[in-house]
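*Asks:* Below is the file input.txt, with compact mmCIF, C-alpha atoms and all ligand atoms.
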# COMPACT_ATOMS: atom_id res chain seq x y z
CA MET Q 164 34.81 -9.28 29.77
CA SER Q 165 34.12 -8.29 26.18
CA GLY Q 166 36.63 -5.96 24.58
CA PRO Q 167 38.72 -5.45 21.50
CA ASN Q 168 40.07 -8.83 20.48
CA LEU Q 169 42.91 -7.59 18.39
CA PRO Q 170 45.57 -5.06 19.16
CA GLU Q 171 48.12 -7.48 20.61
CA HIS Q 172 47.01 -9.67 17.79
CA ASN Q 173 48.51 -8.30 14.60
CA PRO Q 174 51.51 -6.19 15.46
CA THR Q 175 53.57 -7.20 12.39
CA PRO Q 176 54.12 -4.34 9.92
CA ALA Q 177 53.78 -5.09 6.20
CA GLN Q 178 56.99 -6.64 4.89
CA PRO Q 179 58.02 -5.25 1.48
CA ALA Q 180 58.05 -7.82 -1.35
CA SER Q 181 61.59 -8.87 -2.15
CA GLY Q 182 63.17 -9.00 -5.58
CA GLY Q 183 62.84 -7.63 -9.11
CA VAL Q 184 59.77 -6.14 -10.68
CA LEU Q 185 57.47 -7.07 -7.79
CA SER Q 186 59.63 -5.24 -5.29
CA TRP Q 187 59.79 -2.23 -7.64
CA ILE Q 188 55.97 -2.13 -7.84
CA ASP Q 189 55.57 -2.79 -4.13
CA ARG Q 190 57.79 0.13 -3.14
CA ARG Q 191 55.51 2.43 -5.13
CA LEU Q 192 52.15 0.74 -4.45
CA PRO Q 193 52.37 -1.72 -1.52
CA VAL Q 194 49.72 -4.14 -2.76
CA ILE Q 195 51.85 -7.26 -2.48
CA SER Q 196 53.14 -6.58 1.04
CA GLY Q 197 49.67 -5.35 2.01
CA PHE Q 198 48.11 -8.59 0.77
CA ARG Q 199 50.74 -10.61 2.61
CA LYS Q 200 50.08 -8.69 5.83
CA GLU Q 201 46.29 -8.95 5.63
CA TYR Q 202 45.85 -12.44 4.15
CA ILE Q 203 48.97 -14.51 4.80
CA ASP Q 204 50.58 -13.35 8.04
CA PHE Q 205 47.38 -11.94 9.60
CA LEU Q 206 47.03 -13.51 13.05
CA MET Q 207 43.74 -15.30 13.65
CA PRO Q 208 42.38 -16.94 16.81
CA ALA Q 209 43.14 -20.67 16.46
CA ASN Q 210 39.71 -21.74 17.77
CA LEU Q 211 37.36 -20.58 14.96
CA ASN Q 212 34.77 -23.21 14.07
CA ALA Q 213 33.15 -24.07 10.71
CA LEU Q 214 30.64 -21.20 11.07
CA TRP Q 215 33.53 -18.82 10.38
CA ASN Q 216 33.75 -20.36 6.86
CA PHE Q 217 30.63 -18.60 5.68
CA GLY Q 218 32.22 -15.20 5.03
CA ALA Q 219 34.59 -16.84 2.52
CA ILE Q 220 31.70 -18.86 1.06
CA LEU Q 221 29.64 -15.67 0.59
CA THR Q 222 32.56 -13.96 -1.12
CA ALA Q 223 33.03 -16.89 -3.52
CA VAL Q 224 29.31 -17.14 -4.35
CA LEU Q 225 29.19 -13.36 -4.91
CA ALA Q 226 31.99 -13.68 -7.49
CA LEU Q 227 30.10 -16.52 -9.20
CA MET Q 228 26.88 -14.46 -9.26
CA LEU Q 229 28.69 -11.56 -10.93
CA ALA Q 230 30.36 -13.79 -13.51
CA THR Q 231 27.18 -15.68 -14.47
CA GLY Q 232 25.05 -12.50 -14.22
CA ILE Q 233 27.20 -10.62 -16.74
CA PHE Q 234 26.76 -13.39 -19.31
CA LEU Q 235 23.02 -13.61 -18.66
CA ALA Q 236 22.70 -9.82 -19.05
CA MET Q 237 24.38 -10.04 -22.48
CA ASN Q 238 21.49 -12.18 -23.70
CA TYR Q 239 18.56 -10.74 -21.79
CA THR Q 240 15.94 -8.36 -23.22
CA PRO Q 241 14.57 -5.92 -20.62
CA THR Q 242 11.09 -5.40 -22.09
CA ALA Q 243 7.67 -6.76 -21.20
CA SER Q 244 7.31 -8.43 -24.59
CA GLY Q 245 10.90 -9.72 -24.83
CA ALA Q 246 11.99 -10.68 -21.28
CA PHE Q 247 10.33 -14.10 -20.99
CA ALA Q 248 11.28 -15.10 -24.55
CA SER Q 249 14.92 -14.06 -24.00
CA VAL Q 250 15.14 -16.17 -20.84
CA GLU Q 251 13.64 -19.10 -22.76
CA MET Q 252 16.22 -18.55 -25.49
CA ILE Q 253 19.01 -18.57 -22.87
CA GLU Q 254 17.68 -21.86 -21.47
CA ARG Q 255 17.08 -23.63 -24.79
CA GLN Q 256 19.34 -22.15 -27.48
CA LEU Q 257 22.32 -20.36 -25.98
CA PRO Q 258 25.23 -22.83 -25.68
CA GLY Q 259 25.62 -23.55 -21.94
CA GLY Q 260 22.84 -21.05 -21.23
CA TRP Q 261 20.85 -23.51 -19.12
CA MET Q 262 23.95 -23.99 -16.97
CA LEU Q 263 24.52 -20.26 -16.54
CA ARG Q 264 20.93 -19.79 -15.44
CA ALA Q 265 20.92 -22.84 -13.14
CA MET Q 266 24.09 -21.55 -11.47
CA HIS Q 267 22.73 -18.02 -11.11
CA MET Q 268 19.39 -19.19 -9.66
CA THR Q 269 20.92 -21.78 -7.32
CA GLY Q 270 23.57 -19.21 -6.39
CA ALA Q 271 20.86 -16.73 -5.33
CA SER Q 272 19.18 -19.28 -3.06
CA LEU Q 273 22.38 -20.57 -1.51
CA PHE Q 274 23.75 -17.04 -1.11
CA MET Q 275 20.70 -16.15 0.98
CA ALA Q 276 21.01 -19.40 2.98
CA ALA Q 277 24.70 -18.63 3.69
CA LEU Q 278 23.79 -15.04 4.56
CA TYR Q 279 21.24 -16.12 7.18
CA ILE Q 280 23.76 -18.56 8.72
CA HIS Q 281 26.41 -15.79 8.75
CA LEU Q 282 23.97 -13.37 10.41
CA PHE Q 283 22.70 -15.78 13.07
CA ARG Q 284 26.31 -16.80 13.77
CA GLY Q 285 27.08 -13.13 14.50
CA LEU Q 286 24.04 -12.84 16.77
CA TYR Q 287 24.91 -16.03 18.65
CA TYR Q 288 28.55 -15.23 19.30
CA GLY Q 289 27.92 -11.52 19.97
CA SER Q 290 30.06 -10.42 17.02
CA TYR Q 291 28.04 -7.17 16.89
CA LYS Q 292 29.48 -5.90 20.18
CA GLN Q 293 32.15 -3.25 20.41
CA PRO Q 294 34.53 -2.78 18.65
CA ARG Q 295 32.69 -4.43 15.73
CA GLU Q 296 29.62 -2.16 15.46
CA ILE Q 297 30.62 -0.81 12.02
CA LEU Q 298 31.40 -4.32 10.80
CA TRP Q 299 27.90 -5.36 11.95
CA ILE Q 300 26.17 -2.34 10.42
CA SER Q 301 27.99 -2.76 7.10
CA GLY Q 302 26.84 -6.41 7.14
CA LEU Q 303 23.23 -5.31 7.63
CA GLY Q 304 23.66 -2.79 4.81
CA LEU Q 305 24.75 -5.75 2.68
CA LEU Q 306 21.71 -7.76 3.77
CA LEU Q 307 19.35 -5.00 2.63
CA MET Q 308 21.22 -4.52 -0.64
CA VAL Q 309 21.23 -8.27 -1.34
CA MET Q 310 17.49 -8.45 -0.66
CA VAL Q 311 16.75 -5.60 -3.08
CA THR Q 312 19.03 -7.21 -5.69
CA ALA Q 313 17.37 -10.63 -5.26
CA PHE Q 314 13.91 -9.12 -5.58
CA ALA Q 315 14.90 -7.09 -8.66
CA GLY Q 316 16.42 -10.23 -10.20
CA TYR Q 317 13.28 -12.28 -9.61
CA VAL Q 318 11.23 -9.73 -11.55
CA LEU Q 319 13.41 -10.00 -14.66
CA PRO Q 320 12.20 -13.29 -16.26
CA TRP Q 321 8.73 -11.70 -16.32
CA GLY Q 322 6.92 -14.93 -15.47
CA GLN Q 323 3.66 -15.06 -13.53
CA MET Q 324 5.36 -14.89 -10.12
CA SER Q 325 7.66 -12.07 -11.28
CA TYR Q 326 4.64 -10.03 -12.29
CA TRP Q 327 2.35 -10.79 -9.37
CA GLY Q 328 5.19 -10.59 -6.83
CA ALA Q 329 5.98 -7.11 -8.16
CA ASP Q 330 2.28 -6.26 -7.95
CA VAL Q 331 2.12 -7.31 -4.25
CA ALA Q 332 5.33 -5.37 -3.47
CA GLY Q 333 3.99 -2.29 -5.26
CA LYS Q 334 0.74 -2.44 -3.28
CA ALA Q 335 2.68 -2.88 -0.01
CA VAL Q 336 4.73 0.24 -0.80
CA GLY Q 337 1.52 2.02 -1.81
CA ALA Q 338 0.12 1.38 1.69
CA VAL Q 339 2.53 3.91 3.26
CA PRO Q 340 0.25 6.73 4.48
CA GLY Q 341 0.57 10.02 2.61
CA ILE Q 342 3.46 9.23 0.27
CA GLY Q 343 2.53 5.64 -0.63
CA ALA Q 344 1.07 6.42 -4.05
CA THR Q 345 4.12 8.53 -4.98
CA LEU Q 346 6.53 5.81 -3.80
CA GLU Q 347 4.60 3.18 -5.77
CA HIS Q 348 4.74 5.37 -8.86
CA ILE Q 349 8.50 5.92 -8.46
CA MET Q 350 8.97 2.16 -8.10
CA GLU Q 351 6.78 1.17 -11.05
CA GLY Q 352 7.38 4.11 -13.37
CA SER Q 353 3.86 4.13 -14.82
CA ASP Q 354 0.31 3.06 -14.01
CA THR Q 355 0.82 -0.43 -15.35
CA LEU Q 356 3.67 -2.82 -14.69
CA GLY Q 357 5.55 -3.05 -17.98
CA ASP Q 358 8.55 -1.83 -19.96
CA ILE Q 359 9.52 1.08 -17.68
CA PHE Q 360 9.33 -1.10 -14.57
CA ILE Q 361 11.39 -3.93 -16.10
CA HIS Q 362 14.01 -1.47 -17.35
CA ARG Q 363 14.29 0.13 -13.93
CA PHE Q 364 14.65 -3.17 -12.16
CA PHE Q 365 17.17 -4.47 -14.70
CA VAL Q 366 19.39 -1.44 -14.13
CA LEU Q 367 18.86 -1.65 -10.37
CA HIS Q 368 19.77 -5.36 -10.33
CA PHE Q 369 22.94 -4.79 -12.33
CA LEU Q 370 24.01 -1.69 -10.37
CA MET Q 371 23.36 -3.15 -6.93
CA ALA Q 372 25.45 -6.23 -7.70
CA PHE Q 373 28.54 -4.01 -8.11
CA ALA Q 374 27.59 -1.73 -5.21
CA ILE Q 375 27.51 -4.87 -3.04
CA VAL Q 376 31.13 -5.61 -4.01
CA ALA Q 377 32.13 -2.12 -2.82
CA VAL Q 378 30.34 -2.56 0.51
CA VAL Q 379 31.91 -6.02 0.97
CA ALA Q 380 35.29 -4.28 0.68
CA VAL Q 381 34.27 -1.89 3.52
CA HIS Q 382 32.95 -4.86 5.53
CA VAL Q 383 36.19 -6.82 5.21
CA ALA Q 384 38.30 -3.72 5.88
CA ALA Q 385 36.35 -3.19 9.13
CA LEU Q 386 36.96 -6.84 10.00
CA HIS Q 387 40.68 -6.36 9.54
CA VAL Q 388 40.68 -3.38 11.92
CA SER Q 389 38.89 -5.14 14.80
CA GLY Q 390 40.00 -8.67 13.96
CA PRO Q 391 37.63 -11.63 14.08
CA ASN Q 392 35.64 -12.56 17.15
CA ASN Q 393 35.84 -16.23 18.19
CA PRO Q 394 33.44 -18.82 19.70
CA SER Q 395 34.49 -18.06 23.29
CA GLY Q 396 33.93 -14.33 22.77
CA ARG Q 397 37.02 -13.60 24.87
CA PRO Q 398 40.17 -11.89 23.62
CA VAL Q 399 42.63 -14.46 22.29
CA PRO Q 400 46.31 -13.93 23.20
CA ALA Q 401 48.89 -13.98 20.40
CA LYS Q 402 50.25 -17.36 21.56
CA GLU Q 403 46.83 -18.92 20.85
CA SER Q 404 46.67 -17.38 17.38
CA VAL Q 405 47.86 -18.68 14.01
CA PRO Q 406 48.74 -16.88 10.76
CA PHE Q 407 45.83 -16.89 8.25
CA HIS Q 408 47.89 -18.98 5.81
CA PRO Q 409 48.11 -21.99 5.62
CA TYR Q 410 45.67 -22.96 8.41
CA TYR Q 411 42.68 -20.81 7.47
CA THR Q 412 43.27 -20.83 3.72
CA THR Q 413 43.06 -24.65 3.89
CA LYS Q 414 40.07 -24.56 6.23
CA ASP Q 415 38.20 -22.05 4.04
CA LEU Q 416 39.00 -24.13 0.97
CA THR Q 417 37.61 -27.25 2.66
CA GLY Q 418 34.41 -25.37 3.54
CA LEU Q 419 34.16 -24.11 -0.03
CA VAL Q 420 34.53 -27.61 -1.48
CA LEU Q 421 31.77 -28.99 0.80
CA PHE Q 422 29.53 -26.04 -0.06
CA ALA Q 423 30.31 -26.54 -3.77
CA LEU Q 424 29.10 -30.16 -3.51
CA VAL Q 425 25.69 -28.99 -2.27
CA PHE Q 426 25.71 -26.26 -4.92
CA VAL Q 427 26.51 -28.65 -7.76
CA ALA Q 428 23.92 -31.20 -6.58
CA LEU Q 429 21.22 -28.52 -6.55
CA ALA Q 430 22.27 -26.75 -9.75
CA PHE Q 431 22.75 -29.86 -11.89
CA LEU Q 432 20.57 -32.58 -10.34
CA TRP Q 433 17.61 -30.55 -9.01
CA PRO Q 434 17.82 -27.20 -10.82
CA ASP Q 435 14.12 -26.49 -10.24
CA LEU Q 436 13.85 -27.68 -6.66
CA LEU Q 437 13.93 -24.18 -5.20
CA SER Q 438 12.10 -22.39 -7.99
CA GLU Q 439 8.39 -21.78 -8.44
CA PRO Q 440 6.85 -23.66 -11.44
CA GLU Q 441 4.30 -20.86 -11.91
CA ASN Q 442 7.16 -18.57 -12.97
CA TYR Q 443 7.67 -20.72 -16.05
CA ARG Q 444 4.42 -19.24 -17.42
CA PRO Q 445 4.73 -15.80 -19.05
CA ALA Q 446 3.36 -12.86 -17.03
CA ASN Q 447 -0.36 -12.44 -17.55
CA PRO Q 448 -1.96 -9.36 -15.96
CA MET Q 449 -5.43 -10.84 -16.66
CA HIS Q 450 -4.87 -14.03 -14.65
CA THR Q 451 -4.00 -13.97 -10.94
CA PRO Q 452 -2.27 -17.21 -9.83
CA ALA Q 453 -4.07 -19.21 -7.11
CA ASP Q 454 -1.11 -18.69 -4.78
CA ILE Q 455 1.20 -15.68 -4.85
CA GLU Q 456 4.30 -16.46 -2.86
CA PRO Q 457 7.85 -15.09 -2.86
CA GLU Q 458 11.07 -17.11 -3.00
CA TRP Q 459 11.71 -19.16 0.18
CA TYR Q 460 14.20 -16.66 1.59
CA PHE Q 461 11.60 -13.89 1.78
CA LEU Q 462 8.93 -16.10 3.39
CA PRO Q 463 9.61 -15.04 7.03
CA PHE Q 464 9.08 -11.39 6.06
CA TYR Q 465 6.04 -12.30 3.96
CA GLY Q 466 4.63 -14.22 6.94
CA LEU Q 467 5.18 -11.16 9.11
CA LEU Q 468 3.56 -8.89 6.51
CA GLN Q 469 0.46 -11.10 6.55
CA SER Q 470 0.26 -11.69 10.30
CA VAL Q 471 -0.35 -8.03 11.12
CA PRO Q 472 -3.97 -6.95 10.48
CA SER Q 473 -3.34 -3.72 8.52
CA LYS Q 474 -1.30 -3.57 5.31
CA PHE Q 475 0.80 -0.67 6.57
CA GLY Q 476 1.24 -2.35 9.97
CA GLY Q 477 2.54 -5.45 8.17
CA LEU Q 478 4.97 -3.33 6.19
CA VAL Q 479 6.24 -1.64 9.37
CA ALA Q 480 6.65 -5.03 11.09
CA ALA Q 481 8.52 -6.56 8.13
CA ALA Q 482 10.84 -3.54 7.77
CA GLY Q 483 11.18 -3.28 11.57
CA SER Q 484 12.33 -6.91 11.80
CA ILE Q 485 15.49 -5.92 9.90
CA LEU Q 486 15.89 -2.38 11.20
CA ILE Q 487 15.89 -3.61 14.78
CA LEU Q 488 19.09 -5.54 14.04
CA PHE Q 489 20.89 -2.22 13.49
CA VAL Q 490 20.47 -1.28 17.16
CA VAL Q 491 21.32 -4.69 18.64
CA PRO Q 492 24.83 -3.54 19.69
CA TRP Q 493 23.14 -0.90 21.88
CA LEU Q 494 20.26 -3.08 23.11
CA ASP Q 495 22.65 -5.71 24.41
CA ARG Q 496 25.09 -4.01 26.80
CA SER Q 497 26.21 -7.22 28.49
CA PRO Q 498 29.94 -7.49 29.18
CA ILE Q 499 29.71 -11.16 28.15
CA ARG Q 500 29.93 -11.57 24.40
CA SER Q 501 29.27 -15.15 23.31
CA ALA Q 502 25.92 -16.92 23.92
CA ARG Q 503 28.05 -19.96 24.77
CA GLU Q 504 28.61 -18.31 28.13
CA ARG Q 505 25.07 -16.91 28.45
CA PRO Q 506 22.61 -19.78 29.13
CA ALA Q 507 19.44 -17.63 29.10
CA CYS Q 508 20.52 -15.87 25.94
CA ARG Q 509 21.36 -19.23 24.33
CA LEU Q 510 17.85 -20.48 25.01
CA GLY Q 511 16.42 -17.19 23.75
CA MET Q 512 18.45 -17.52 20.53
CA ALA Q 513 17.08 -21.03 19.93
CA GLY Q 514 13.60 -19.50 20.27
CA LEU Q 515 14.56 -16.72 17.87
CA VAL Q 516 15.61 -19.19 15.16
CA LEU Q 517 12.36 -21.15 15.71
CA ALA Q 518 10.31 -17.93 15.48
CA PHE Q 519 12.07 -17.00 12.22
CA VAL Q 520 11.36 -20.44 10.72
CA LEU Q 521 7.77 -20.33 11.97
CA MET Q 522 7.24 -16.93 10.34
CA GLY Q 523 8.52 -18.50 7.11
CA LEU Q 524 6.02 -21.37 7.43
CA VAL Q 525 3.24 -18.84 8.01
CA GLY Q 526 4.33 -17.05 4.82
CA ARG Q 527 4.16 -20.39 2.99
CA HIS Q 528 0.73 -21.39 4.29
CA HIS Q 529 -0.83 -17.92 4.44
CA ALA Q 530 -1.73 -16.24 7.70
CA GLU Q 531 -5.22 -17.64 8.18
CA GLY Q 532 -6.80 -19.43 11.16
CA GLY Q 533 -4.17 -21.29 13.21
CA TRP Q 534 -1.35 -19.97 11.00
CA MET Q 535 -2.41 -16.42 11.76
CA ILE Q 536 -2.16 -17.06 15.52
CA ALA Q 537 1.18 -18.84 15.08
CA GLY Q 538 2.45 -15.91 12.98
CA ARG Q 539 1.47 -13.37 15.64
CA ILE Q 540 3.09 -15.38 18.44
CA ALA Q 541 6.28 -15.78 16.39
CA ALA Q 542 6.33 -12.04 15.54
CA LEU Q 543 5.77 -11.08 19.18
CA TYR Q 544 8.59 -13.37 20.28
CA TYR Q 545 10.94 -12.07 17.55
CA PHE Q 546 10.61 -8.46 18.68
CA SER Q 547 10.52 -9.33 22.42
CA TYR Q 548 13.82 -11.17 22.07
CA PHE Q 549 15.59 -7.97 21.04
CA LEU Q 550 13.59 -5.41 23.01
CA VAL Q 551 13.05 -7.29 26.28
CA LEU Q 552 15.07 -10.48 26.65
CA LEU Q 553 18.47 -9.22 25.46
CA PRO Q 554 18.43 -6.00 27.56
CA LEU Q 555 17.18 -7.95 30.62
CA CYS Q 556 19.90 -10.62 30.27
CA ALA Q 557 22.46 -7.86 29.83
CA ARG Q 558 21.30 -6.07 33.00
CA ARG Q 559 21.55 -9.25 35.03
CA GLU Q 560 24.96 -10.08 33.62
CA MET Q 561 26.27 -6.57 34.31
CA ARG Q 562 25.54 -7.16 37.98
CA GLN Q 563 27.55 -10.41 37.98
CA PRO Q 564 31.30 -10.40 38.68
CA SER Q 565 33.13 -10.06 35.30
CA ALA Q 566 33.44 -13.30 33.38
C1 LIG S 1 27.51 -9.96 0.78
C2 LIG S 1 27.40 -10.43 1.99
C3 LIG S 1 28.54 -10.63 2.93
C4 LIG S 1 29.84 -10.99 2.68
C5 LIG S 1 30.47 -11.31 1.33
C6 LIG S 1 30.52 -11.05 3.95
C7 LIG S 1 31.84 -11.40 4.11
C8 LIG S 1 32.46 -11.59 5.33
C9 LIG S 1 33.76 -12.17 5.53
C10 LIG S 1 34.71 -12.64 4.40
C11 LIG S 1 33.99 -12.24 6.85
C12 LIG S 1 35.20 -12.89 7.54
C13 LIG S 1 34.98 -14.41 7.66
C14 LIG S 1 33.88 -14.81 8.62
O1 LIG S 1 33.86 -14.31 9.76
O2 LIG S 1 33.01 -15.61 8.23
C15 LIG S 1 32.85 -11.64 7.53
C16 LIG S 1 32.74 -11.46 8.88
C17 LIG S 1 31.66 -10.88 9.51
N1 LIG S 1 30.47 -10.53 8.91
FE1 LIG S 1 30.05 -10.60 6.97
N2 LIG S 1 29.63 -10.72 4.95
C18 LIG S 1 28.42 -10.46 4.38
C19 LIG S 1 27.24 -10.12 5.03
C20 LIG S 1 27.11 -9.96 6.39
C21 LIG S 1 25.87 -9.73 7.10
C22 LIG S 1 24.48 -9.70 6.46
C23 LIG S 1 26.18 -9.60 8.41
C24 LIG S 1 25.22 -9.38 9.54
C25 LIG S 1 24.88 -8.25 9.95
C26 LIG S 1 27.61 -9.74 8.55
C27 LIG S 1 28.32 -9.63 9.72
C28 LIG S 1 29.64 -10.03 9.89
C29 LIG S 1 30.33 -10.04 11.17
C30 LIG S 1 29.77 -9.55 12.52
C31 LIG S 1 31.60 -10.57 10.92
C32 LIG S 1 32.72 -10.81 11.95
C33 LIG S 1 32.40 -12.14 12.55
C34 LIG S 1 33.30 -12.58 13.67
O3 LIG S 1 34.51 -12.52 13.55
O4 LIG S 1 32.70 -13.05 14.65
N3 LIG S 1 28.15 -9.98 7.30
N4 LIG S 1 31.93 -11.27 6.57
Before we go any further, please render this structure as structure tokens.
*Replies:*
Amino acid sequence: MSGPNLPEHNPTPAQPASGGVLSWIDRRLPVISGFRKEYIDFLMPANLNALWNFGAILTAVLALMLATGIFLAMNYTPTASGAFASVEMIERQLPGGWMLRAMHMTGASLFMAALYIHLFRGLYYGSYKQPREILWISGLGLLLMVMVTAFAGYVLPWGQMSYWGADVAGKAVGAVPGIGATLEHIMEGSDTLGDIFIHRFFVLHFLMAFAIVAVVAVHVAALHVSGPNNPSGRPVPAKESVPFHPYYTTKDLTGLVLFALVFVALAFLWPDLLSEPENYRPANPMHTPADIEPEWYFLPFYGLLQSVPSKFGGLVAAAGSILILFVVPWLDRSPIRSARERPACRLGMAGLVLAFVLMGLVGRHHAEGGWMIAGRIAALYYFSYFLVLLPLCARREMRQPSA
């Protein structure tokens, strides 16, 4: 049976810090004992696998993005005539500037990769089920905020893809019936994409980065109320739990080192592997590139946007593909939490990952001919998984004797 995994889990009250100045501070503001309770003595299920490393990885990459972003912002010029030149100056003249930018760009890609793994992990192990609904919803809030931040960041160098990507996004927003033109105007600030737009997106990018930190704090606080789920999805008794430190600090550190190896290889050996060469040409409103395509992490949504015949329909489908995740805790009422113990759901999840990748490939190759058909099948499967398969599995499992 699914149910709260914690209460018997972390009964220990915060122990006050002992000795001297620290104890004096702690008696007035219990930050030290609070930290010890939540991060050192906090009881964790002993069976968490490597997929539970990604929360820590996301937190570390977020810190790196903020640190590198602040230094980039100090040298960036948010105007249509100065943006591209300032980025070039950062790359070529600013001491270590190329490294800052390589880290920030690689960080954005790997952050999104880690985010997708973190999200699909939650879907697979049923981490969205009660009592973790708020944890799940705060995570989805983070996903939306990160997407807006990544898009706003991509606009800033004001290369060809920045400009034409913004143009496509503006037209997609403009397709909303009735209020589309107003929304597009609010987004772009004037009739032409230029200074006002870049300024807006620079401020948005900067602001959202810090807002994300605040929401991460809510997300982690919610995690500490319900406690982590685990691969079995069943409540873990205290005798099968371990304090967070040293077991999970060491495990998280190991995951971080392995992730850092991939990060360093990409940032320093193949800094341009994940970036679009066309964006190394300055924005030119008079010349449309042969292929307008977003960064790889937006491709599934771009594929979805293109697979639906009408522009507005595509927009609804792309937005709906994320919004539907918000109601997953209520679509899936099964008493069994983890897909490990739900064979039909496990198979369905494999199909869901395939559909997501296929939508990305459609975005890459443009929804024409065979790709269009593939895109529609993938989109249909994606929505059917949540609206039909999950509720049906749940109904069947509710009729079974409790697991
Ligand atoms: C800025 C982005 C995010 C950060 C920094 C972050 C951070 C964390 C951390 C540190 C944990 C605990 C370690 C772990 O379970 O891996 C966690 C758990 C969790 N996160 Fe996130 N998260 C983010 C985005 C998301 C998103 C997009 C979702 C999906 C909706 C999500 C859903 C969850 C869930 C359900 C858990 C509990 C997992 C379990 O115990 O089974 N998070 N997150």
*Asks:* Return the padded bounding box of ligand LIG 1 (chain S) as lines of an AutoDock Vina configuration file: axis-aligned, built from all atoms listed in the file, 6 Å added on each side, with centre and edge lengths in Å to one decimal.
*Replies:*
center_x = 29.8
center_y = -11.9
center_z = 7.7
size_x = 22.7
size_y = 19.4
size_z = 25.9
*Asks:* Would you kindly return, as a short mmCIF file (atom, residue, chain, number, x, y, z; two decimals) with C-alpha atoms, in the coordinates of the input, each protein, DNA or RNA residue with an atom no farther than 8 Å from any atom of Ala265 (chain Q), considering only C-alpha atoms and excluding same-chain residues fewer than 3 positions away?
*Replies:*
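So result07.cif came out as:
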data_model
loop_
_atom_site.label_atom_id
_atom_site.label_comp_id
_atom_site.auth_asym_id
_atom_site.auth_seq_id
_atom_site.Cartn_x
_atom_site.Cartn_y
_atom_site.Cartn_z
CA TRP Q 261 20.85 -23.51 -19.12
CA MET Q 262 23.95 -23.99 -16.97
CA MET Q 268 19.39 -19.19 -9.66
CA THR Q 269 20.92 -21.78 -7.32
CA ALA Q 430 22.27 -26.75 -9.75
CA PHE Q 431 22.75 -29.86 -11.89
CA PRO Q 434 17.82 -27.20 -10.82
#
*Asks:* At a cut-off of 8 Å and counting only C-alpha atoms and all ligand atoms, what residues surround ligand LIG 1 (chain S)? Please answer as a ChimeraX atom specification.
*Replies:* /Q:214-223,225,278-279,281-286,288-291,295-296,298-307,309,375-376,378-379,382-383,386,390-394,488
*Asks:* I need the residue nearest Val339 (chain Q) from this list: Q:Leu421, Q:Ala385, Q:Leu478, Q:Leu416. Use only C-alpha atoms for the distance.
*Replies:*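 Of Q:Leu421, Q:Ala385, Q:Leu478, Q:Leu416, the one nearest Val339 (chain Q) is Q:Leu478, counting only C-alpha atoms.
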*Asks:* Do a neighbour search on Val366 (chain Q) at 12 Å with all atoms listed in the file, toss out local chain neighbours closer than 6 positions, and write the hits as a PyMOL selection string.
*Replies:* chain Q and resi 236+240-241+312+315-316+318-319+359-360+372-373
*Asks:* Can you pull out the residues contacting region 330-338 of chain Q? Cut-off 6 Å, using only C-alpha atoms, and skip same-chain residues under 6 positions away; I want them as a PyMOL selection string.
*Replies:* chain Q and resi 344+347+475
*Asks:* What is the distance, in Å and to one decimal place, between CA of Thr242 (chain Q) and CA of Asp358 (chain Q)?
*Replies:*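 Value for the CA of Thr242 (chain Q)-CA of Asp358 (chain Q) distance: 4.9 Å.
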*Asks:* I'd like to know which of Q:Leu468, Q:Ala481, Q:Leu185, Q:Ala542 is closest to Gly526 (chain Q), using all atoms listed in the file.
*Replies:*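 Among the listed residues, the smallest separation from Gly526 (chain Q) belongs to Q:Leu468.
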*Asks:* Report as an MDAnalysis selection string all protein, DNA and RNA residues lying within 12 Å of region 536-538 of chain Q, evaluated on only C-alpha atoms, omitting residues in the same chain fewer than 4 positions from it.
*Replies:* chainID Q and resid 462:472 477 480 517:532 542:545
*Asks:* If you measure from CA of Thr417 (chain Q) to CA of Leu429 (chain Q), what distance in Å do you get, rounded to one decimal?
*Replies:* 18.8 Å
*Asks:* Quick one: residues within 12 Å of Arg558 (chain Q), only C-alpha atoms, excluding same-chain residues fewer than 6 positions away - as a compact mmCIF listing (two decimals) with C-alpha atoms, in the frame of the given file?
*Replies:*
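selection_6.txt written:
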# COMPACT_ATOMS: atom_id res chain seq x y z
CA LEU Q 494 20.26 -3.08 23.11
CA ASP Q 495 22.65 -5.71 24.41
CA ARG Q 496 25.09 -4.01 26.80
CA SER Q 497 26.21 -7.22 28.49
CA PRO Q 498 29.94 -7.49 29.18
CA ILE Q 499 29.71 -11.16 28.15
CA VAL Q 551 13.05 -7.29 26.28
CA LEU Q 552 15.07 -10.48 26.65
*Asks:* For the atom pair CA of Met207 (chain Q) and CA of Val405 (chain Q), what is the interatomic distance in Å to one decimal place?
*Replies:*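 One can read the CA of Met207 (chain Q) to CA of Val405 (chain Q) distance as 5.3 Å.
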*Asks:* Can I get the residues of region 246-275 of chain Q within 12 Å of region 444-456 of chain Q, each with the closest pair of atoms and their distance in Å to one decimal, using all atoms listed in the file, sorted chain first then ascending number, as CSV?
*Replies:*
residue,atom,partner,partner_atom,distance
Q:Ala246,CA,Q:Pro445,CA,9.2
Q:Phe247,CA,Q:Pro445,CA,6.2
Q:Ala248,CA,Q:Pro445,CA,8.6
Q:Ser249,CA,Q:Pro445,CA,11.5
Q:Val250,CA,Q:Pro445,CA,10.6
Q:Glu251,CA,Q:Pro445,CA,10.2
*Asks:* Pick the closest to Pro554 (chain Q) from Q:Met535, Q:Val491, Q:Met228, Q:Leu510: which is it, counting all atoms listed in the file?
*Replies:*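 Smallest separation from Pro554 (chain Q) among the options: Q:Val491.
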*Asks:* Considering only C-alpha atoms, can you say which of Q:Val425, Q:Leu437, Q:Leu515, Q:Ile487 comes closest to Pro457 (chain Q)?
*Replies:*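 The answer is Q:Leu437, which sits nearest to Pro457 (chain Q).
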